[in-house]
$ cat coords_9.cif   # mmCIF, C-alpha atoms
data_coords
loop_
_atom_site.label_atom_id
_atom_site.label_comp_id
_atom_site.auth_asym_id
_atom_site.auth_seq_id
_atom_site.Cartn_x
_atom_site.Cartn_y
_atom_site.Cartn_z
CA MET A 264 12.47 12.67 9.16
CA GLN A 265 13.30 9.71 6.94
CA PRO A 266 11.98 10.02 3.35
CA ILE A 267 9.01 8.23 1.88
CA PHE A 268 10.26 5.37 -0.29
CA ILE A 269 8.19 4.27 -3.28
CA VAL A 270 9.26 0.98 -4.84
CA GLY A 271 8.27 0.77 -8.50
CA SER A 272 8.19 3.24 -11.41
CA GLY A 273 5.14 1.97 -13.27
CA LEU A 274 1.94 3.97 -13.49
CA ALA A 275 1.21 3.24 -9.81
CA GLY A 276 4.50 4.57 -8.45
CA TYR A 277 4.61 7.64 -10.69
CA THR A 278 0.92 8.47 -10.25
CA LEU A 279 1.40 8.35 -6.48
CA LEU A 280 4.45 10.60 -6.75
CA ARG A 281 2.41 13.12 -8.80
CA GLU A 282 -0.38 13.06 -6.22
CA ILE A 283 2.10 13.59 -3.39
CA ARG A 284 3.59 16.61 -5.18
CA LYS A 285 0.13 18.02 -5.79
CA ARG A 286 -0.23 18.24 -2.01
CA ASP A 287 3.26 18.79 -0.79
CA ALA A 288 6.18 20.20 -2.75
CA ALA A 289 8.78 19.57 -0.06
CA MET A 290 8.17 16.13 1.43
CA PRO A 291 11.31 14.08 0.64
CA VAL A 292 10.50 11.13 -1.61
CA THR A 293 12.84 8.49 -3.00
CA LEU A 294 11.61 6.24 -5.80
CA VAL A 295 13.44 2.96 -6.30
CA THR A 296 12.99 1.05 -9.54
CA ALA A 297 14.45 -2.12 -11.01
CA ASP A 298 14.22 -0.72 -14.55
CA ASP A 299 15.53 2.51 -16.04
CA GLY A 300 12.73 4.68 -14.66
CA THR A 301 11.43 5.87 -18.04
CA PHE A 302 7.76 6.81 -17.75
CA TYR A 303 5.47 4.71 -19.92
CA SER A 304 1.94 3.43 -19.83
CA LYS A 305 1.69 -0.36 -19.57
CA PRO A 306 -1.86 -0.54 -21.01
CA ASN A 307 -0.54 0.83 -24.29
CA LEU A 308 1.88 -2.04 -24.83
CA SER A 309 -1.00 -4.11 -26.22
CA ASN A 310 -2.22 -1.64 -28.84
CA ALA A 311 0.93 -0.01 -30.19
CA LEU A 312 1.98 -2.36 -32.99
CA ALA A 313 -0.74 -1.61 -35.54
CA ALA A 314 -0.29 2.09 -34.78
CA GLY A 315 3.33 1.71 -35.84
CA ARG A 316 4.71 2.69 -32.46
CA ASP A 317 7.94 1.10 -31.32
CA ALA A 318 9.31 1.03 -27.78
CA ALA A 319 10.99 4.41 -28.26
CA ALA A 320 7.67 5.95 -29.32
CA LEU A 321 5.99 4.60 -26.17
CA ALA A 322 8.72 5.93 -23.90
CA GLY A 323 7.76 9.08 -22.04
CA ALA A 324 10.03 11.25 -19.96
CA PRO A 325 13.30 9.64 -18.90
CA ALA A 326 14.13 9.10 -15.22
CA GLU A 327 16.19 12.30 -14.90
CA LYS A 328 13.30 14.44 -16.13
CA MET A 329 10.77 12.63 -13.93
CA ALA A 330 13.05 13.16 -10.93
CA ALA A 331 13.48 16.86 -11.71
CA ASP A 332 9.81 17.54 -12.50
CA LEU A 333 8.53 15.65 -9.48
CA LYS A 334 11.34 16.67 -7.14
CA ALA A 335 12.23 13.15 -6.11
CA THR A 336 15.39 11.12 -5.73
CA LEU A 337 15.34 8.28 -8.25
CA LEU A 338 17.35 5.11 -7.75
CA THR A 339 17.18 3.31 -11.11
CA ARG A 340 18.33 -0.20 -12.00
CA THR A 341 18.02 -0.91 -8.30
CA THR A 342 16.17 -3.94 -7.00
CA VAL A 343 14.94 -3.96 -3.43
CA THR A 344 15.92 -7.35 -2.05
CA ALA A 345 14.54 -7.18 1.49
CA ILE A 346 12.35 -5.13 3.81
CA ASP A 347 12.74 -5.00 7.56
CA PRO A 348 9.50 -3.46 8.82
CA ALA A 349 10.69 -3.54 12.45
CA THR A 350 13.65 -1.23 11.83
CA HIS A 351 12.06 0.61 8.85
CA ARG A 352 14.86 -0.33 6.51
CA ILE A 353 15.06 -1.70 2.96
CA ARG A 354 18.02 -3.47 1.40
CA THR A 355 19.21 -3.38 -2.21
CA ALA A 356 22.07 -5.29 -3.81
CA GLY A 357 24.62 -2.71 -2.71
CA ALA A 358 23.08 -0.59 0.00
CA GLU A 359 20.59 -0.15 2.81
CA TYR A 360 18.16 2.73 3.33
CA GLY A 361 15.97 3.85 6.19
CA TYR A 362 12.38 4.85 5.30
CA GLY A 363 9.78 6.89 7.10
CA ARG A 364 6.94 5.35 5.13
CA LEU A 365 7.32 2.67 2.44
CA VAL A 366 4.99 2.21 -0.53
CA LEU A 367 5.12 -1.01 -2.53
CA ALA A 368 4.03 -0.34 -6.13
CA LEU A 369 5.71 -3.44 -7.49
CA GLY A 370 3.30 -4.45 -10.24
CA ALA A 371 2.61 -7.99 -11.39
CA ASP A 372 4.40 -10.77 -13.23
CA PRO A 373 2.97 -12.70 -16.16
CA PHE A 374 1.42 -15.91 -14.91
CA PRO A 375 3.93 -18.75 -15.54
CA HIS A 376 2.81 -20.77 -18.58
CA ARG A 377 4.32 -24.11 -17.52
CA LEU A 378 4.67 -25.27 -21.13
CA GLU A 379 6.75 -28.28 -22.08
CA GLY A 380 8.77 -28.70 -25.26
CA ASP A 381 12.17 -27.71 -26.58
CA ALA A 382 11.01 -24.21 -27.57
CA ALA A 383 8.99 -23.38 -24.45
CA ASP A 384 11.64 -20.84 -23.50
CA THR A 385 11.00 -18.89 -26.72
CA VAL A 386 7.45 -18.06 -25.63
CA LEU A 387 7.13 -14.29 -25.36
CA THR A 388 5.48 -12.19 -22.69
CA VAL A 389 5.06 -8.41 -22.72
CA ASN A 390 5.03 -7.05 -19.20
CA ASP A 391 7.02 -3.86 -19.46
CA LEU A 392 8.54 -1.52 -22.02
CA ALA A 393 11.73 -3.59 -22.35
CA GLY A 394 9.57 -6.68 -22.91
CA TYR A 395 7.70 -4.82 -25.64
CA ALA A 396 11.01 -4.00 -27.35
CA ARG A 397 11.98 -7.70 -27.26
CA PHE A 398 8.54 -8.66 -28.59
CA ARG A 399 8.90 -6.25 -31.53
CA GLU A 400 12.30 -7.71 -32.34
CA ALA A 401 10.97 -11.27 -32.10
CA ILE A 402 7.99 -10.72 -34.43
CA ALA A 403 9.90 -8.76 -37.09
CA GLY A 404 9.43 -10.50 -40.42
CA LYS A 405 7.27 -13.22 -38.86
CA ARG A 406 3.94 -14.33 -40.28
CA HIS A 407 1.89 -16.32 -37.79
CA ALA A 408 1.49 -15.55 -34.09
CA VAL A 409 -0.21 -17.83 -31.59
CA VAL A 410 -1.60 -15.97 -28.58
CA LEU A 411 -2.15 -18.02 -25.45
CA GLY A 412 -5.08 -16.62 -23.49
CA GLY A 413 -8.19 -14.80 -24.66
CA GLY A 414 -8.65 -12.49 -21.69
CA LEU A 415 -8.32 -8.73 -21.84
CA ILE A 416 -4.62 -8.59 -22.75
CA GLY A 417 -4.81 -11.59 -25.07
CA CYS A 418 -7.72 -10.05 -27.02
CA GLU A 419 -5.95 -6.71 -27.26
CA PHE A 420 -2.78 -8.35 -28.59
CA ALA A 421 -4.77 -10.52 -31.00
CA ASN A 422 -6.46 -7.40 -32.39
CA ASP A 423 -3.19 -5.50 -32.59
CA LEU A 424 -1.23 -8.30 -34.27
CA ALA A 425 -4.02 -9.00 -36.77
CA ALA A 426 -4.48 -5.30 -37.56
CA ALA A 427 -0.73 -5.12 -38.17
CA GLY A 428 -1.16 -7.80 -40.84
CA MET A 429 -0.10 -10.96 -39.03
CA ASP A 430 -1.97 -14.27 -38.99
CA VAL A 431 -3.20 -14.78 -35.45
CA THR A 432 -4.52 -17.82 -33.62
CA VAL A 433 -5.80 -17.53 -30.03
CA VAL A 434 -5.87 -20.54 -27.69
CA HIS A 435 -8.27 -19.88 -24.84
CA LEU A 436 -9.47 -22.08 -22.02
CA GLY A 437 -12.87 -20.40 -21.78
CA ASP A 438 -15.75 -20.97 -24.17
CA TRP A 439 -15.66 -17.34 -25.33
CA PRO A 440 -13.21 -14.45 -24.84
CA LEU A 441 -13.29 -12.65 -21.47
CA GLU A 442 -15.77 -15.24 -20.20
CA ARG A 443 -15.31 -14.17 -16.58
CA LEU A 444 -16.36 -10.59 -17.41
CA LEU A 445 -18.73 -10.88 -20.36
CA PRO A 446 -21.99 -12.72 -20.98
CA VAL A 447 -21.75 -15.17 -23.86
CA GLU A 448 -23.48 -12.89 -26.40
CA ALA A 449 -20.99 -10.07 -25.83
CA GLY A 450 -17.99 -12.41 -25.87
CA GLN A 451 -19.11 -14.07 -29.07
CA ARG A 452 -19.68 -10.71 -30.72
CA LEU A 453 -16.13 -9.66 -29.88
CA ALA A 454 -14.78 -13.01 -31.11
CA GLY A 455 -16.73 -12.59 -34.36
CA HIS A 456 -15.31 -9.15 -35.07
CA LEU A 457 -11.78 -10.37 -34.37
CA SER A 458 -12.45 -13.37 -36.65
CA ALA A 459 -13.45 -10.94 -39.40
CA LEU A 460 -9.99 -9.42 -38.96
CA GLY A 461 -8.51 -12.88 -39.52
CA VAL A 462 -8.11 -14.15 -35.95
CA ARG A 463 -8.68 -17.90 -35.51
CA TRP A 464 -9.93 -19.23 -32.17
CA HIS A 465 -9.45 -22.47 -30.24
CA PHE A 466 -11.89 -22.24 -27.33
CA GLY A 467 -11.92 -24.64 -24.40
CA ARG A 468 -8.29 -25.55 -25.03
CA THR A 469 -4.91 -24.97 -23.41
CA ALA A 470 -1.46 -25.27 -24.94
CA LYS A 471 0.73 -28.05 -23.57
CA ARG A 472 3.94 -27.88 -25.58
CA VAL A 473 5.91 -25.61 -27.84
CA ASP A 474 8.53 -27.37 -29.96
CA THR A 475 10.83 -26.46 -32.78
CA ALA A 476 9.40 -27.55 -36.15
CA GLY A 477 11.41 -26.76 -39.26
CA ASN A 478 12.11 -23.04 -39.29
CA GLY A 479 9.24 -22.33 -36.95
CA LEU A 480 7.40 -23.59 -33.91
CA ARG A 481 4.68 -26.12 -33.26
CA VAL A 482 2.17 -25.53 -30.49
CA THR A 483 0.50 -28.71 -29.22
CA LEU A 484 -2.85 -28.34 -27.46
CA ASP A 485 -4.38 -30.48 -24.72
CA ASP A 486 -6.50 -32.38 -27.24
CA GLY A 487 -3.38 -33.38 -29.17
CA SER A 488 -4.00 -31.04 -32.10
CA ALA A 489 -1.12 -28.90 -33.30
CA ILE A 490 -0.75 -25.38 -34.67
CA ASP A 491 2.30 -24.31 -36.65
CA ALA A 492 3.47 -20.83 -35.70
CA ASP A 493 6.37 -18.44 -36.03
CA VAL A 494 6.02 -16.83 -32.61
CA VAL A 495 4.05 -17.62 -29.46
CA LEU A 496 2.88 -14.93 -27.05
CA SER A 497 1.58 -15.85 -23.60
CA ALA A 498 -1.12 -13.60 -22.14
CA ILE A 499 -2.74 -15.95 -19.64
CA GLY A 500 -2.92 -13.55 -16.75
CA LEU A 501 -0.99 -11.65 -14.13
CA ALA A 502 0.29 -12.61 -10.70
CA PRO A 503 0.76 -9.72 -8.23
CA ARG A 504 4.35 -9.45 -7.01
CA THR A 505 4.02 -10.52 -3.39
CA GLN A 506 7.36 -12.26 -2.74
CA LEU A 507 9.19 -9.25 -1.27
CA ALA A 508 6.38 -8.53 1.18
CA GLN A 509 5.87 -12.17 2.06
CA ALA A 510 9.58 -12.63 2.85
CA ALA A 511 9.30 -9.66 5.22
CA GLY A 512 6.41 -11.28 7.06
CA ILE A 513 3.82 -8.91 5.59
CA PRO A 514 0.50 -10.73 5.03
CA VAL A 515 -0.29 -11.57 1.41
CA GLY A 516 -3.21 -13.27 -0.30
CA ARG A 517 -3.53 -13.07 -4.07
CA GLY A 518 -1.82 -9.70 -3.69
CA ILE A 519 -0.16 -7.82 -0.85
CA ARG A 520 -3.06 -7.41 1.55
CA THR A 521 -4.07 -3.92 2.56
CA ASP A 522 -7.05 -2.25 4.14
CA ARG A 523 -8.91 0.57 2.38
CA PHE A 524 -6.20 2.98 3.54
CA LEU A 525 -3.70 0.93 1.46
CA GLN A 526 -1.99 0.04 4.76
CA THR A 527 -0.42 -3.44 4.80
CA GLY A 528 -0.10 -5.61 7.89
CA ALA A 529 3.16 -3.80 8.74
CA ALA A 530 3.24 -0.32 10.28
CA ASP A 531 4.17 2.43 7.81
CA VAL A 532 4.20 0.01 4.87
CA TYR A 533 1.60 0.56 2.14
CA ALA A 534 0.85 -1.22 -1.15
CA MET A 535 -1.03 -0.07 -4.25
CA GLY A 536 -1.56 -0.84 -7.93
CA ASP A 537 -1.26 -4.26 -9.53
CA CYS A 538 0.63 -5.81 -6.57
CA ALA A 539 -2.00 -4.91 -3.98
CA GLU A 540 -5.07 -6.73 -2.72
CA VAL A 541 -7.05 -3.81 -1.34
CA ASP A 542 -9.82 -4.86 1.02
CA GLY A 543 -9.94 -8.26 -0.70
CA GLN A 544 -9.83 -7.00 -4.29
CA VAL A 545 -7.03 -7.11 -6.85
CA LEU A 546 -7.93 -4.52 -9.52
CA PRO A 547 -5.11 -4.36 -12.07
CA TYR A 548 -6.48 -1.40 -14.04
CA VAL A 549 -5.57 2.25 -14.34
CA GLN A 550 -8.57 3.92 -12.72
CA PRO A 551 -8.31 2.01 -9.40
CA LEU A 552 -4.65 2.92 -9.06
CA MET A 553 -5.49 6.59 -9.66
CA VAL A 554 -8.07 6.46 -6.87
CA GLN A 555 -5.57 4.65 -4.64
CA ALA A 556 -2.81 7.15 -5.40
CA ARG A 557 -5.02 10.10 -4.51
CA ALA A 558 -6.14 8.53 -1.23
CA LEU A 559 -2.66 7.40 -0.25
CA ALA A 560 -1.11 10.79 -1.01
CA ALA A 561 -3.64 12.36 1.36
CA THR A 562 -2.87 9.76 4.01
CA LEU A 563 0.87 10.28 3.66
CA ALA A 564 0.34 14.04 3.97
CA GLY A 565 -1.38 13.54 7.30
CA THR A 566 -5.07 13.11 6.44
CA PRO A 567 -5.94 9.39 6.64
CA THR A 568 -8.10 8.73 3.56
CA GLU A 569 -9.72 5.54 2.33
CA ALA A 570 -9.68 4.52 -1.33
CA VAL A 571 -13.36 4.79 -2.30
CA TYR A 572 -14.02 3.63 -5.84
CA PRO A 573 -16.69 5.06 -8.09
CA PRO A 574 -18.18 2.56 -10.57
CA MET A 575 -15.16 1.86 -12.77
CA PRO A 576 -15.91 0.36 -16.20
CA VAL A 577 -13.02 -1.53 -17.76
CA MET A 578 -12.30 -0.65 -21.39
CA VAL A 579 -11.01 -3.39 -23.64
CA LYS A 580 -8.90 -1.72 -26.34
CA THR A 581 -9.96 -3.85 -29.29
CA PRO A 582 -10.51 -1.30 -32.07
CA ALA A 583 -12.13 -3.99 -34.27
CA HIS A 584 -14.96 -4.03 -31.72
CA PRO A 585 -14.37 -2.17 -28.44
CA VAL A 586 -15.79 -3.43 -25.17
CA ALA A 587 -16.68 -1.61 -21.95
CA VAL A 588 -17.58 -3.74 -18.96
CA LEU A 589 -18.54 -2.96 -15.39
CA PRO A 590 -18.68 -6.29 -13.57
CA PRO A 591 -21.29 -6.51 -10.81
CA ALA A 592 -19.86 -6.60 -7.27
CA THR A 593 -19.08 -10.03 -5.85
CA GLY A 594 -22.16 -11.73 -4.48
CA VAL A 595 -24.71 -9.67 -6.42
CA GLY A 596 -27.52 -11.95 -7.58
CA GLY A 597 -29.76 -11.57 -10.60
CA GLY A 598 -28.51 -11.91 -14.13
CA TRP A 599 -27.86 -10.40 -17.54
CA LYS A 600 -30.52 -8.77 -19.69
CA VAL A 601 -29.04 -8.85 -23.16
CA ASP A 602 -30.02 -6.70 -26.10
CA ALA A 603 -28.11 -7.39 -29.30
CA THR A 604 -28.29 -5.01 -32.24
CA ALA A 605 -26.33 -4.83 -35.46
CA GLU A 606 -24.00 -2.23 -33.92
CA GLY A 607 -23.21 -4.04 -30.71
CA VAL A 608 -24.36 -5.86 -27.61
CA ASN A 609 -25.95 -4.05 -24.67
CA ALA A 610 -26.02 -6.34 -21.63
CA LEU A 611 -27.28 -5.01 -18.31
CA HIS A 612 -26.71 -6.92 -15.09
CA LEU A 613 -29.87 -6.52 -13.02
CA ASP A 614 -30.22 -7.75 -9.44
CA ALA A 615 -33.27 -9.60 -8.09
CA ASP A 616 -35.11 -6.29 -7.62
CA GLY A 617 -34.38 -5.17 -11.18
CA ARG A 618 -31.74 -2.59 -10.23
CA LEU A 619 -28.72 -2.01 -12.46
CA GLN A 620 -25.57 -3.54 -10.91
CA GLY A 621 -23.25 -3.80 -13.88
CA PHE A 622 -23.07 -3.83 -17.65
CA ALA A 623 -21.21 -5.17 -20.65
CA LEU A 624 -21.27 -3.07 -23.82
CA THR A 625 -19.70 -3.80 -27.19
CA GLY A 626 -19.18 -1.85 -30.38
CA ALA A 627 -21.17 1.37 -30.67
CA GLU A 628 -23.02 0.51 -27.44
CA THR A 629 -19.83 1.39 -25.48
CA GLY A 630 -20.77 5.06 -25.95
CA LYS A 631 -23.54 4.55 -23.37
CA ARG A 632 -21.20 3.67 -20.52
CA ASN A 633 -21.07 7.07 -18.83
CA THR A 634 -24.86 7.36 -18.82
CA LEU A 635 -25.18 3.84 -17.42
CA VAL A 636 -22.58 4.48 -14.70
CA LYS A 637 -24.86 7.24 -13.39
CA GLY A 638 -27.72 4.76 -13.23
CA ILE A 639 -25.95 2.13 -11.12
CA GLY A 640 -28.16 1.07 -8.22
CA ALA A 641 -31.32 2.37 -9.91
CA LYS A 642 -33.91 0.62 -12.04
CA PRO A 643 -33.16 1.26 -15.72
CA MET B 177 -1.51 25.20 -15.78
CA LYS B 178 -3.00 21.84 -14.84
CA THR B 179 -2.44 18.29 -15.91
CA TRP B 180 -5.09 15.70 -16.68
CA GLN B 181 -4.76 11.93 -16.71
CA CYS B 182 -6.53 9.34 -18.87
CA ILE B 183 -8.35 6.77 -16.76
CA VAL B 184 -7.87 4.06 -19.38
CA CYS B 185 -4.15 4.24 -20.06
CA GLY B 186 -2.68 6.78 -17.66
CA TYR B 187 -1.59 9.26 -20.37
CA VAL B 188 -0.99 12.68 -18.86
CA TYR B 189 -2.24 15.80 -20.69
CA ASP B 190 -0.16 18.74 -19.55
CA GLU B 191 -1.83 22.05 -20.43
CA ALA B 192 1.58 23.73 -20.66
CA ALA B 193 2.81 21.23 -23.25
CA GLY B 194 -0.48 20.73 -25.12
CA ASP B 195 -0.52 18.05 -27.80
CA PRO B 196 0.98 19.82 -30.83
CA GLU B 197 1.22 16.58 -32.82
CA HIS B 198 -2.58 16.47 -32.79
CA GLY B 199 -3.23 20.16 -33.27
CA ILE B 200 -3.44 21.23 -29.62
CA ALA B 201 -1.10 24.18 -29.08
CA PRO B 202 1.05 24.43 -25.94
CA GLY B 203 -0.84 26.33 -23.26
CA THR B 204 -4.28 25.06 -24.30
CA ARG B 205 -6.46 24.77 -21.24
CA TRP B 206 -8.35 21.50 -20.83
CA GLU B 207 -11.74 23.16 -21.29
CA ASP B 208 -10.55 24.52 -24.65
CA VAL B 209 -9.48 21.12 -25.97
CA PRO B 210 -12.18 20.10 -28.50
CA ASP B 211 -14.54 17.29 -27.52
CA ALA B 212 -13.51 15.43 -30.65
CA TRP B 213 -9.93 15.16 -29.37
CA ALA B 214 -9.00 11.68 -28.22
CA CYS B 215 -6.20 10.34 -26.05
CA PRO B 216 -3.14 10.19 -28.32
CA GLU B 217 -1.99 7.04 -26.50
CA CYS B 218 -5.04 4.80 -26.32
CA GLY B 219 -7.69 6.63 -28.34
CA VAL B 220 -10.40 7.06 -25.71
CA ALA B 221 -12.54 10.18 -25.84
CA LYS B 222 -12.01 13.38 -23.88
CA MET B 223 -14.82 12.43 -21.51
CA ASP B 224 -12.73 9.53 -20.22
CA PHE B 225 -10.03 11.80 -18.85
CA GLU B 226 -9.86 12.71 -15.26
CA MET B 227 -8.16 15.81 -13.92
CA VAL B 228 -5.02 15.48 -11.87
CA GLU B 229 -3.58 18.73 -10.64
CA VAL B 230 0.14 18.89 -10.14
CA VAL B 231 1.91 21.75 -8.41
CA ALA B 232 3.81 23.67 -11.07
CA ALA B 233 7.51 22.78 -11.05
#

$ encode --input "coords_9.cif" --output "structure tokens"
Amino acid sequence: MQPIFIVGSGLAGYTLLREIRKRDAAMPVTLVTADDGTFYSKPNLSNALAAGRDAAALAGAPAEKMAADLKATLLTRTTVTAIDPATHRIRTAGAEYGYGRLVLALGADPFPHRLEGDAADTVLTVNDLAGYARFREAIAGKRHAVVLGGGLIGCEFANDLAAAGMDVTVVHLGDWPLERLLPVEAGQRLAGHLSALGVRWHFGRTAKRVDTAGNGLRVTLDDGSAIDADVVLSAIGLAPRTQLAQAAGIPVGRGIRTDRFLQTGAADVYAMGDCAEVDGQVLPYVQPLMVQARALAATLAGTPTEAVYPPMPVMVKTPAHPVAVLPPATGVGGGWKVDATAEGVNALHLDADGRLQGFALTGAETGKRNTLVKGIGAKP
Amino acid sequence: MKTWQCIVCGYVYDEAAGDPEHGIAPGTRWEDVPDAWACPECGVAKMDFEMVEVVAA
């Protein structure tokens, strides 16, 4: 039988490989990765600076150890250039391989910033461990960082940079940070705590240009105002990597489309993690990919299993004022019931019948998340 | 020996390896890790870990 091929060595690919080995020690698995295959955790790239951790400190086991521990063949520094679902073959720059089943765990790319200006190409993004190493090099000895985007990653970087002693300015299109996840009271509370750490905010604005100015950079916003900076970091969102699947005729939407079995539109081709749109949802967080990996490993071992998610709160790693949010499912009516205390904001999303459908907790209130998760669907 | 994985950052706690840097000796079973221990990668509490069992190599 042809081996299972996993494409991608991020948390999705390696977590799947672990889950496969938990069930089956012998099933041949080949993992193909464009990078060097070192295990690392992408979520930690946005809270490592203040903790004094460089790229080497974030690096886990190297590829050879992962391959030995998980009994897999690893093809590192190898980019898959094409998939032929009809013949069950993938192509790389120098070779072609036949697969039994293929799992796309490709991850996501930073959303293109489309900035103008002579220094637009100096704008940093941190999307993998190598990108984090470049970021650390670029900010060494620098004073003022402008962060584009006040979503989850932007807020985490703003907190981390400020806690590490840099001046930080965030440019954010929304009227408060994480406005698509948080009610205004919770977002403003987070913004306030980051402000107390020295972060300055430009809400309702986008950056248009980044130009060289003296020894530094000048960021020009859509209202014509300008911010002088030493480095600019873009954290405006992620785009699932769909190109490889699309070129192979596999249906894609925002991500590579799959059903709840992680099965794409092509036979024996699966997708999971940040690249996948599972039953209409792109969930670029750790817990969903763990649920997906467990279900897919069972499916690959011969027991078709759907990914069934428990309520999965998202943690925003902003030590200045942590946030835990469980967004209500799409289409749930009702609204937020907000309780603000000195320690934090406790916002419950109640549907029309008064049942708990989601929550947003900040500061000390985040400690209540596990209790609240148990009360989802009930009247608080 | 089992391994456990953090649902926030994906950090893997391997009972065989422990977390000696933070006072958890190699071979410490998950149930014996103190509740006050937090993920050495992202800082979340022990209650936010989820168990992943891996067949011993």

$ resolve_selection --input "coords_9.cif" --expression "the PyMOL selection byres ((chain B) within 12 of (chain A))" --output "MDAnalysis selection string"
chainID B and resid 178:188 215:221 223:233

$ residues_around --input "coords_9.cif" --residues "Arg472 of chain A" --least-positions-apart "6" --cutoff "9 Å" --atoms "all atoms listed in the file" --output "PDB file with C-alpha atoms, keeping the file's coordinate frame"
ATOM      1  CA  ARG A 377       4.320 -24.110 -17.520  1.00  0.00           C
ATOM      2  CA  LEU A 378       4.670 -25.270 -21.130  1.00  0.00           C
ATOM      3  CA  GLU A 379       6.750 -28.280 -22.080  1.00  0.00           C
ATOM      4  CA  GLY A 380       8.770 -28.700 -25.260  1.00  0.00           C
ATOM      5  CA  ASP A 381      12.170 -27.710 -26.580  1.00  0.00           C
ATOM      6  CA  ALA A 382      11.010 -24.210 -27.570  1.00  0.00           C
ATOM      7  CA  ALA A 383       8.990 -23.380 -24.450  1.00  0.00           C
ATOM      8  CA  ARG A 481       4.680 -26.120 -33.260  1.00  0.00           C
ATOM      9  CA  VAL A 482       2.170 -25.530 -30.490  1.00  0.00           C
ATOM     10  CA  THR A 483       0.500 -28.710 -29.220  1.00  0.00           C
ATOM     11  CA  LEU A 484      -2.850 -28.340 -27.460  1.00  0.00           C
ATOM     12  CA  ASP A 485      -4.380 -30.480 -24.720  1.00  0.00           C
TER      13      ASP A 485
END

$ resolve_selection --input "coords_9.cif" --expression "the PyMOL selection byres ((chain A and resi 386) around 9)" --output "short mmCIF file (atom, residue, chain, number, x, y, z; two decimals) with C-alpha atoms, in the coordinates of the input"
data_model
loop_
_atom_site.label_atom_id
_atom_site.label_comp_id
_atom_site.auth_asym_id
_atom_site.auth_seq_id
_atom_site.Cartn_x
_atom_site.Cartn_y
_atom_site.Cartn_z
CA HIS A 376 2.81 -20.77 -18.58
CA LEU A 378 4.67 -25.27 -21.13
CA ALA A 382 11.01 -24.21 -27.57
CA ALA A 383 8.99 -23.38 -24.45
CA ASP A 384 11.64 -20.84 -23.50
CA THR A 385 11.00 -18.89 -26.72
CA LEU A 387 7.13 -14.29 -25.36
CA THR A 388 5.48 -12.19 -22.69
CA VAL A 473 5.91 -25.61 -27.84
CA VAL A 494 6.02 -16.83 -32.61
CA VAL A 495 4.05 -17.62 -29.46
CA LEU A 496 2.88 -14.93 -27.05
CA SER A 497 1.58 -15.85 -23.60
#

$ residues_around --input "coords_9.cif" --residues "Val636 of chain A" --least-positions-apart "5" --cutoff "9 Å" --atoms "only C-alpha atoms" --output "list in words"
Pro573, Pro574, Met575, Pro576, Leu589, Gly621, Phe622 and Lys631 of chain A

$ resolve_selection --input "coords_9.cif" --expression "the PyMOL selection byres ((chain A and resi 429) around 7)" --output "list in words"
Arg406, His407, Ala408, Leu424, Ala425, Ala427, Gly428, Asp430 and Val431 of chain A

$ residues_near_point --input "coords_9.cif" --point "(-4.7, -9.3, -22.9)" --cutoff "7 Å" --atoms "all atoms listed in the file" --output "ChimeraX atom specification"
/A:413-420,498

$ write_last_selection --input "coords_9.cif" --atoms "C-alpha atoms" --output "PDB file, in the frame of the given file"
ATOM      1  CA  GLY A 413      -8.190 -14.800 -24.660  1.00  0.00           C
ATOM      2  CA  GLY A 414      -8.650 -12.490 -21.690  1.00  0.00           C
ATOM      3  CA  LEU A 415      -8.320  -8.730 -21.840  1.00  0.00           C
ATOM      4  CA  ILE A 416      -4.620  -8.590 -22.750  1.00  0.00           C
ATOM      5  CA  GLY A 417      -4.810 -11.590 -25.070  1.00  0.00           C
ATOM      6  CA  CYS A 418      -7.720 -10.050 -27.020  1.00  0.00           C
ATOM      7  CA  GLU A 419      -5.950  -6.710 -27.260  1.00  0.00           C
ATOM      8  CA  PHE A 420      -2.780  -8.350 -28.590  1.00  0.00           C
ATOM      9  CA  ALA A 498      -1.120 -13.600 -22.140  1.00  0.00           C
TER      10      ALA A 498
END

$ atom_distance --input "coords_9.cif" --atom1 "atom CA of Gly271 of chain A" --atom2 "atom CA of Gly412 of chain A"
26.6 Å

$ atom_distance --input "coords_9.cif" --atom1 "atom CA of Leu445 of chain A" --atom2 "atom CA of Trp599 of chain A"
9.6 Å

$ atom_distance --input "coords_9.cif" --atom1 "atom CA of Ala358 of chain A" --atom2 "atom CA of Gly518 of chain A"
26.8 Å

$ closest_residue --input "coords_9.cif" --among "A:Thr625, A:Gln509, A:Gln620, A:Gln265" --to "Gly607 of chain A" --atoms "only C-alpha atoms"
A:Thr625

$ residues_around --input "coords_9.cif" --residues "Ala192 of chain B" --least-positions-apart "4" --cutoff "8 Å" --atoms "only C-alpha atoms" --output "list in words"
Met177, Lys178, Pro202, Gly203 and Thr204 of chain B

$ closest_residue --input "coords_9.cif" --among "A:Lys328, A:Lys637, A:His351, A:Arg364" --to "Thr293 of chain A" --atoms "all atoms listed in the file"
A:Arg364

$ closest_residue --input "coords_9.cif" --among "A:Pro547, A:Leu480, A:Leu624, A:Ala558" --to "Lys405 of chain A" --atoms "all atoms listed in the file"
A:Leu480
